[in-house]
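*Asks:* Supplied structure: protein-v2.pdb, PDB, C-alpha atoms.
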```
ATOM      1  CA  MET A 739      36.553   9.996  46.760  1.00  0.00           C
ATOM      2  CA  LYS A 740      36.713  11.747  43.383  1.00  0.00           C
ATOM      3  CA  HIS A 741      39.801  11.504  41.182  1.00  0.00           C
ATOM      4  CA  SER A 742      40.419  15.238  41.712  1.00  0.00           C
ATOM      5  CA  GLU A 743      40.415  14.739  45.498  1.00  0.00           C
ATOM      6  CA  VAL A 744      42.778  11.768  45.249  1.00  0.00           C
ATOM      7  CA  THR A 745      45.054  13.779  42.981  1.00  0.00           C
ATOM      8  CA  ALA A 746      45.019  16.786  45.298  1.00  0.00           C
ATOM      9  CA  TYR A 747      46.093  14.660  48.267  1.00  0.00           C
ATOM     10  CA  LEU A 748      48.729  12.652  46.411  1.00  0.00           C
ATOM     11  CA  LYS A 749      50.265  15.755  44.805  1.00  0.00           C
ATOM     12  CA  GLY A 750      51.444  16.701  48.279  1.00  0.00           C
ATOM     13  CA  LEU A 751      53.462  13.484  48.578  1.00  0.00           C
ATOM     14  CA  ASP A 752      56.764  12.743  46.903  1.00  0.00           C
ATOM     15  CA  ASP A 753      57.192  10.153  44.142  1.00  0.00           C
ATOM     16  CA  PHE A 754      58.246   7.447  46.596  1.00  0.00           C
ATOM     17  CA  TRP A 755      55.026   7.573  48.630  1.00  0.00           C
ATOM     18  CA  VAL A 756      52.833   7.733  45.530  1.00  0.00           C
ATOM     19  CA  LEU A 757      54.609   4.739  43.992  1.00  0.00           C
ATOM     20  CA  ALA A 758      54.326   2.745  47.231  1.00  0.00           C
ATOM     21  CA  ARG A 759      50.567   3.403  47.351  1.00  0.00           C
ATOM     22  CA  THR A 760      50.168   2.535  43.682  1.00  0.00           C
ATOM     23  CA  ILE A 761      51.985  -0.775  44.166  1.00  0.00           C
ATOM     24  CA  LEU A 762      49.886  -1.583  47.228  1.00  0.00           C
ATOM     25  CA  PHE A 763      46.489  -0.555  45.867  1.00  0.00           C
ATOM     26  CA  GLU A 764      47.058  -2.078  42.417  1.00  0.00           C
ATOM     27  CA  SER A 765      48.738  -5.337  43.364  1.00  0.00           C
ATOM     28  CA  ALA A 766      48.292  -6.291  47.025  1.00  0.00           C
ATOM     29  CA  GLY A 767      47.741 -10.017  47.102  1.00  0.00           C
ATOM     30  CA  GLU A 768      49.911 -10.595  44.042  1.00  0.00           C
ATOM     31  CA  PRO A 769      53.273 -12.344  44.420  1.00  0.00           C
ATOM     32  CA  LEU A 770      56.383 -10.222  44.848  1.00  0.00           C
ATOM     33  CA  GLU A 771      57.189 -10.590  41.134  1.00  0.00           C
ATOM     34  CA  GLY A 772      53.780  -9.159  40.198  1.00  0.00           C
ATOM     35  CA  GLN A 773      54.136  -6.203  42.531  1.00  0.00           C
ATOM     36  CA  GLU A 774      57.601  -5.472  41.169  1.00  0.00           C
ATOM     37  CA  ALA A 775      56.169  -5.665  37.652  1.00  0.00           C
ATOM     38  CA  VAL A 776      53.529  -3.037  38.497  1.00  0.00           C
ATOM     39  CA  ALA A 777      56.333  -0.762  39.717  1.00  0.00           C
ATOM     40  CA  ALA A 778      58.234  -1.467  36.483  1.00  0.00           C
ATOM     41  CA  VAL A 779      55.243  -0.381  34.396  1.00  0.00           C
ATOM     42  CA  VAL A 780      55.153   2.939  36.259  1.00  0.00           C
ATOM     43  CA  LEU A 781      58.900   3.461  35.716  1.00  0.00           C
ATOM     44  CA  ASN A 782      58.625   2.413  32.065  1.00  0.00           C
ATOM     45  CA  ARG A 783      55.923   4.998  31.500  1.00  0.00           C
ATOM     46  CA  ALA A 784      57.807   7.794  33.271  1.00  0.00           C
ATOM     47  CA  ALA A 785      60.925   7.042  31.207  1.00  0.00           C
ATOM     48  CA  SER A 786      59.110   6.769  27.863  1.00  0.00           C
ATOM     49  CA  PRO A 787      58.137   9.503  25.402  1.00  0.00           C
ATOM     50  CA  GLY A 788      54.448  10.308  25.318  1.00  0.00           C
ATOM     51  CA  TRP A 789      53.940   9.738  29.040  1.00  0.00           C
ATOM     52  CA  PRO A 790      54.286  12.139  31.967  1.00  0.00           C
ATOM     53  CA  ASP A 791      57.901  12.615  33.082  1.00  0.00           C
ATOM     54  CA  THR A 792      57.649  11.735  36.766  1.00  0.00           C
ATOM     55  CA  VAL A 793      56.466   8.729  38.717  1.00  0.00           C
ATOM     56  CA  LYS A 794      53.875  10.835  40.511  1.00  0.00           C
ATOM     57  CA  GLU A 795      52.461  12.297  37.281  1.00  0.00           C
ATOM     58  CA  VAL A 796      52.252   8.805  35.751  1.00  0.00           C
ATOM     59  CA  CYS A 797      50.419   7.414  38.774  1.00  0.00           C
ATOM     60  CA  LEU A 798      48.014  10.350  38.920  1.00  0.00           C
ATOM     61  CA  GLN A 799      47.160  10.415  35.235  1.00  0.00           C
ATOM     62  CA  LYS A 800      43.380  10.154  35.003  1.00  0.00           C
ATOM     63  CA  ASN A 801      41.905   6.752  34.117  1.00  0.00           C
ATOM     64  CA  GLN A 802      45.242   4.958  34.155  1.00  0.00           C
ATOM     65  CA  PHE A 803      45.299   3.181  37.519  1.00  0.00           C
ATOM     66  CA  SER A 804      41.942   1.865  38.631  1.00  0.00           C
ATOM     67  CA  CYS A 805      42.791   2.245  42.313  1.00  0.00           C
ATOM     68  CA  PHE A 806      42.685   6.025  41.883  1.00  0.00           C
ATOM     69  CA  ASN A 807      39.559   6.199  39.706  1.00  0.00           C
ATOM     70  CA  ALA A 808      36.313   7.142  41.406  1.00  0.00           C
ATOM     71  CA  GLY A 809      34.413   4.961  38.933  1.00  0.00           C
ATOM     72  CA  ALA A 810      36.210   1.888  40.245  1.00  0.00           C
ATOM     73  CA  GLY A 811      34.886   2.465  43.739  1.00  0.00           C
ATOM     74  CA  GLY A 812      37.518   5.005  44.609  1.00  0.00           C
ATOM     75  CA  ILE A 813      39.495   5.134  47.782  1.00  0.00           C
ATOM     76  CA  SER A 814      38.232   6.516  51.029  1.00  0.00           C
ATOM     77  CA  PRO A 815      40.227   9.474  52.359  1.00  0.00           C
ATOM     78  CA  ASP A 816      41.274   7.414  55.374  1.00  0.00           C
ATOM     79  CA  LYS A 817      42.471   4.485  53.243  1.00  0.00           C
ATOM     80  CA  LEU A 818      44.415   6.834  50.979  1.00  0.00           C
ATOM     81  CA  ARG A 819      46.143   8.562  53.895  1.00  0.00           C
ATOM     82  CA  TYR A 820      46.645   5.501  56.128  1.00  0.00           C
ATOM     83  CA  PRO A 821      46.859   2.419  53.884  1.00  0.00           C
ATOM     84  CA  TRP A 822      48.533   0.367  56.616  1.00  0.00           C
ATOM     85  CA  ARG A 823      45.220   0.387  58.520  1.00  0.00           C
ATOM     86  CA  TYR A 824      43.463  -1.435  55.651  1.00  0.00           C
ATOM     87  CA  PHE A 825      46.085  -3.904  54.451  1.00  0.00           C
ATOM     88  CA  LEU A 826      48.314  -6.312  56.287  1.00  0.00           C
ATOM     89  CA  MET A 827      51.295  -4.404  57.648  1.00  0.00           C
ATOM     90  CA  SER A 828      53.525  -6.850  55.765  1.00  0.00           C
ATOM     91  CA  SER A 829      51.846  -5.826  52.479  1.00  0.00           C
ATOM     92  CA  TRP A 830      52.456  -2.134  53.161  1.00  0.00           C
ATOM     93  CA  LYS A 831      56.078  -2.828  54.135  1.00  0.00           C
ATOM     94  CA  GLN A 832      56.588  -4.859  50.959  1.00  0.00           C
ATOM     95  CA  ALA A 833      55.137  -2.078  48.772  1.00  0.00           C
ATOM     96  CA  LYS A 834      57.485   0.436  50.435  1.00  0.00           C
ATOM     97  CA  ASN A 835      60.420  -1.939  50.007  1.00  0.00           C
ATOM     98  CA  ILE A 836      59.700  -2.318  46.291  1.00  0.00           C
ATOM     99  CA  ALA A 837      59.438   1.468  45.902  1.00  0.00           C
ATOM    100  CA  GLU A 838      62.722   1.928  47.801  1.00  0.00           C
ATOM    101  CA  ARG A 839      64.461  -0.629  45.592  1.00  0.00           C
ATOM    102  CA  ALA A 840      63.012   1.031  42.486  1.00  0.00           C
ATOM    103  CA  PHE A 841      64.394   4.439  43.434  1.00  0.00           C
ATOM    104  CA  ARG A 842      67.775   2.978  44.405  1.00  0.00           C
ATOM    105  CA  GLY A 843      68.013   1.440  40.936  1.00  0.00           C
ATOM    106  CA  GLU A 844      67.854  -2.103  42.312  1.00  0.00           C
ATOM    107  CA  LEU A 845      64.672  -3.207  40.559  1.00  0.00           C
ATOM    108  CA  SER A 846      64.830  -5.068  37.270  1.00  0.00           C
ATOM    109  CA  ASP A 847      62.195  -4.933  34.570  1.00  0.00           C
ATOM    110  CA  ARG A 848      60.830  -8.444  34.243  1.00  0.00           C
ATOM    111  CA  THR A 849      58.025  -7.052  32.015  1.00  0.00           C
ATOM    112  CA  ASN A 850      60.234  -6.514  28.942  1.00  0.00           C
ATOM    113  CA  GLY A 851      59.274  -2.874  28.556  1.00  0.00           C
ATOM    114  CA  ALA A 852      55.570  -3.141  29.396  1.00  0.00           C
ATOM    115  CA  THR A 853      53.721   0.139  29.815  1.00  0.00           C
ATOM    116  CA  PHE A 854      50.309  -1.448  30.411  1.00  0.00           C
ATOM    117  CA  TYR A 855      48.847  -4.290  32.436  1.00  0.00           C
ATOM    118  CA  ARG A 856      45.453  -5.667  33.221  1.00  0.00           C
ATOM    119  CA  ASN A 857      43.708  -8.494  34.978  1.00  0.00           C
ATOM    120  CA  PRO A 858      41.959 -10.198  32.053  1.00  0.00           C
ATOM    121  CA  ARG A 859      39.340 -11.725  34.366  1.00  0.00           C
ATOM    122  CA  THR A 860      38.140  -8.360  35.647  1.00  0.00           C
ATOM    123  CA  ALA A 861      39.152  -5.887  32.907  1.00  0.00           C
ATOM    124  CA  THR A 862      36.267  -4.059  31.264  1.00  0.00           C
ATOM    125  CA  SER A 863      37.963  -1.620  28.886  1.00  0.00           C
ATOM    126  CA  GLY A 864      36.782  -2.125  25.328  1.00  0.00           C
ATOM    127  CA  TRP A 865      39.486   0.293  24.175  1.00  0.00           C
ATOM    128  CA  PHE A 866      42.227  -1.850  25.720  1.00  0.00           C
ATOM    129  CA  GLN A 867      40.840  -5.049  24.231  1.00  0.00           C
ATOM    130  CA  LYS A 868      40.736  -3.408  20.795  1.00  0.00           C
ATOM    131  CA  GLN A 869      44.448  -2.560  21.094  1.00  0.00           C
ATOM    132  CA  ILE A 870      45.158  -6.240  21.738  1.00  0.00           C
ATOM    133  CA  ASP A 871      42.817  -7.487  19.005  1.00  0.00           C
ATOM    134  CA  THR A 872      44.355  -5.186  16.382  1.00  0.00           C
ATOM    135  CA  GLY A 873      47.918  -6.090  17.375  1.00  0.00           C
ATOM    136  CA  LYS A 874      48.829  -2.623  18.680  1.00  0.00           C
ATOM    137  CA  PHE A 875      49.597  -4.102  22.115  1.00  0.00           C
ATOM    138  CA  VAL A 876      51.690  -7.239  22.525  1.00  0.00           C
ATOM    139  CA  LEU A 877      51.736  -9.445  25.590  1.00  0.00           C
ATOM    140  CA  THR A 878      55.175  -9.418  27.210  1.00  0.00           C
ATOM    141  CA  ILE A 879      54.563 -11.631  30.256  1.00  0.00           C
ATOM    142  CA  ARG A 880      51.885 -13.055  32.550  1.00  0.00           C
ATOM    143  CA  ILE A 881      52.488 -12.865  36.261  1.00  0.00           C
ATOM    144  CA  ALA A 882      49.800 -14.266  38.534  1.00  0.00           C
ATOM    145  CA  ARG A 883      46.544 -12.431  37.721  1.00  0.00           C
ATOM    146  CA  HIS A 884      48.059  -9.699  35.543  1.00  0.00           C
ATOM    147  CA  ASP A 885      48.975  -9.658  31.865  1.00  0.00           C
ATOM    148  CA  PHE A 886      51.621  -7.092  30.882  1.00  0.00           C
ATOM    149  CA  TYR A 887      51.738  -5.363  27.487  1.00  0.00           C
ATOM    150  CA  ARG A 888      53.751  -2.870  25.492  1.00  0.00           C
ATOM    151  CA  GLU A 889      53.006  -1.208  22.206  1.00  0.00           C
ATOM    152  CA  LYS A 890      54.003  -3.360  19.235  1.00  0.00           C
ATOM    153  CA  ASN A 891      57.125  -1.427  18.196  1.00  0.00           C
ATOM    154  CA  ALA A 892      58.132  -0.156  21.627  1.00  0.00           C
ATOM    155  CA  PRO A 893      61.524  -1.138  23.047  1.00  0.00           C
ATOM    156  CA  GLN A 894      61.847  -4.163  25.319  1.00  0.00           C
ATOM    157  CA  LYS A 895      64.371  -2.361  27.497  1.00  0.00           C
ATOM    158  CA  ILE A 896      63.687   1.137  28.836  1.00  0.00           C
ATOM    159  CA  ASP A 897      66.373   3.231  30.513  1.00  0.00           C
ATOM    160  CA  TRP A 898      65.262   4.257  34.012  1.00  0.00           C
ATOM    161  CA  SER A 899      68.517   6.015  34.943  1.00  0.00           C
ATOM    162  CA  ALA A 900      66.993   9.514  34.874  1.00  0.00           C
ATOM    163  CA  LEU A 901      64.367   8.376  37.427  1.00  0.00           C
ATOM    164  CA  VAL A 902      66.315   6.224  39.877  1.00  0.00           C
ATOM    165  CA  GLY A 903      69.424   6.184  41.935  1.00  0.00           C
ATOM    166  CA  GLY A 904      68.664   8.402  44.900  1.00  0.00           C
ATOM    167  CA  GLY A 905      65.129   7.937  46.171  1.00  0.00           C
ATOM    168  CA  ASP A 906      63.859   8.769  49.629  1.00  0.00           C
TER     169      ASP A 906
END
```
Translate the structure of the given file into structure tokens.
*Replies:*
Amino acid sequence: MKHSEVTAYLKGLDDFWVLARTILFESAGEPLEGQEAVAAVVLNRAASPGWPDTVKEVCLQKNQFSCFNAGAGGISPDKLRYPWRYFLMSSWKQAKNIAERAFRGELSDRTNGATFYRNPRTATSGWFQKQIDTGKFVLTIRIARHDFYREKNAPQKIDWSALVGGGD
């Protein structure tokens, strides 16, 4: 499925459902802390200058989340629409629970302001590695298979209050 097709489908969903899918597709199989950290990165981006202003726009930004990129294998239309058919039901429920907690303002940012993450064992972006090598990105925390980063002078605490507090 092309990125434009993924985007077209997901644009019809509200932020909650897009975040739940992003958490699931990006971090299923990671511990709870890692899945919460992926959600925190999305919220950190949406609340930071220079990024789209909504959770949905952040998640749908081209080439940002590999689960939605056609070049990374893409997602079949059925998997995108009915993720619970392809993952353990407990994984889907956990992703929804994390998204619910995020929008109720009950999620904490254990990433220290990270706006990026990657799995260093599978990451292939030369651009991303250059940001690390030149000191533009600093490692904030490692959780399971993901390393979390923020820009060197970016704040460690990002205010999510404009995004959370009354989700679906």
*Asks:* Check which residues satisfy the PyMOL selection byres ((chain A and resi 787) around 12) in the file shown, then give them as a PDB file with C-alpha atoms, in the coordinates of the input.
*Replies:*
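Contents of the output file result_22.pdb:
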```pdb
ATOM      1  CA  LEU A 781      58.900   3.461  35.716  1.00  0.00           C
ATOM      2  CA  ASN A 782      58.625   2.413  32.065  1.00  0.00           C
ATOM      3  CA  ARG A 783      55.923   4.998  31.500  1.00  0.00           C
ATOM      4  CA  ALA A 784      57.807   7.794  33.271  1.00  0.00           C
ATOM      5  CA  ALA A 785      60.925   7.042  31.207  1.00  0.00           C
ATOM      6  CA  SER A 786      59.110   6.769  27.863  1.00  0.00           C
ATOM      7  CA  GLY A 788      54.448  10.308  25.318  1.00  0.00           C
ATOM      8  CA  TRP A 789      53.940   9.738  29.040  1.00  0.00           C
ATOM      9  CA  PRO A 790      54.286  12.139  31.967  1.00  0.00           C
ATOM     10  CA  ASP A 791      57.901  12.615  33.082  1.00  0.00           C
ATOM     11  CA  THR A 792      57.649  11.735  36.766  1.00  0.00           C
ATOM     12  CA  VAL A 796      52.252   8.805  35.751  1.00  0.00           C
ATOM     13  CA  THR A 853      53.721   0.139  29.815  1.00  0.00           C
ATOM     14  CA  ALA A 892      58.132  -0.156  21.627  1.00  0.00           C
ATOM     15  CA  PRO A 893      61.524  -1.138  23.047  1.00  0.00           C
ATOM     16  CA  ILE A 896      63.687   1.137  28.836  1.00  0.00           C
ATOM     17  CA  ASP A 897      66.373   3.231  30.513  1.00  0.00           C
TER      18      ASP A 897
END
```
*Asks:* So that I can check the surroundings of Ser846 in chain A, please list as a list of chain:residue names every protein, DNA and RNA residue that reaches within 9 Å of it, counting only C-alpha atoms and ignoring chain neighbours fewer than 2 positions away.
*Replies:*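 Once the adjacent positions are removed, what remains is A:Glu774, A:Ala775, A:Ala778, A:Ala840, A:Gly843, A:Glu844, A:Arg848, A:Thr849.
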*Asks:* Name the residues that the PyMOL selection byres ((chain A and resi 858) around 12) picks from the file above, as a PDB file with C-alpha atoms, in the frame of the given file, using the file's chain letters and numbers.
*Replies:*
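Okay, result-v8.pdb is ready:
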```pdb
ATOM      1  CA  TYR A 855      48.847  -4.290  32.436  1.00  0.00           C
ATOM      2  CA  ARG A 856      45.453  -5.667  33.221  1.00  0.00           C
ATOM      3  CA  ASN A 857      43.708  -8.494  34.978  1.00  0.00           C
ATOM      4  CA  ARG A 859      39.340 -11.725  34.366  1.00  0.00           C
ATOM      5  CA  THR A 860      38.140  -8.360  35.647  1.00  0.00           C
ATOM      6  CA  ALA A 861      39.152  -5.887  32.907  1.00  0.00           C
ATOM      7  CA  THR A 862      36.267  -4.059  31.264  1.00  0.00           C
ATOM      8  CA  SER A 863      37.963  -1.620  28.886  1.00  0.00           C
ATOM      9  CA  GLY A 864      36.782  -2.125  25.328  1.00  0.00           C
ATOM     10  CA  PHE A 866      42.227  -1.850  25.720  1.00  0.00           C
ATOM     11  CA  GLN A 867      40.840  -5.049  24.231  1.00  0.00           C
ATOM     12  CA  ILE A 870      45.158  -6.240  21.738  1.00  0.00           C
ATOM     13  CA  LEU A 877      51.736  -9.445  25.590  1.00  0.00           C
ATOM     14  CA  ARG A 880      51.885 -13.055  32.550  1.00  0.00           C
ATOM     15  CA  ILE A 881      52.488 -12.865  36.261  1.00  0.00           C
ATOM     16  CA  ALA A 882      49.800 -14.266  38.534  1.00  0.00           C
ATOM     17  CA  ARG A 883      46.544 -12.431  37.721  1.00  0.00           C
ATOM     18  CA  HIS A 884      48.059  -9.699  35.543  1.00  0.00           C
ATOM     19  CA  ASP A 885      48.975  -9.658  31.865  1.00  0.00           C
ATOM     20  CA  PHE A 886      51.621  -7.092  30.882  1.00  0.00           C
ATOM     21  CA  TYR A 887      51.738  -5.363  27.487  1.00  0.00           C
TER      22      TYR A 887
END
```
*Asks:* Evaluate the PyMOL selection byres ((chain A and resi 833-839) around 10) on the structure here and hand back the selected residues as a ChimeraX atom specification.
*Replies:* /A:753-763,765-766,770,773-778,827-832,840-846,902-906
*Asks:* Counting only C-alpha atoms, figure out which residue out of A:Ile813, A:Cys797, A:Gly767, A:Phe825 gets nearest to Val779 in chain A.
*Replies:*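 Residue with the minimum atom-to-atom distance to Val779 in chain A: A:Cys797.
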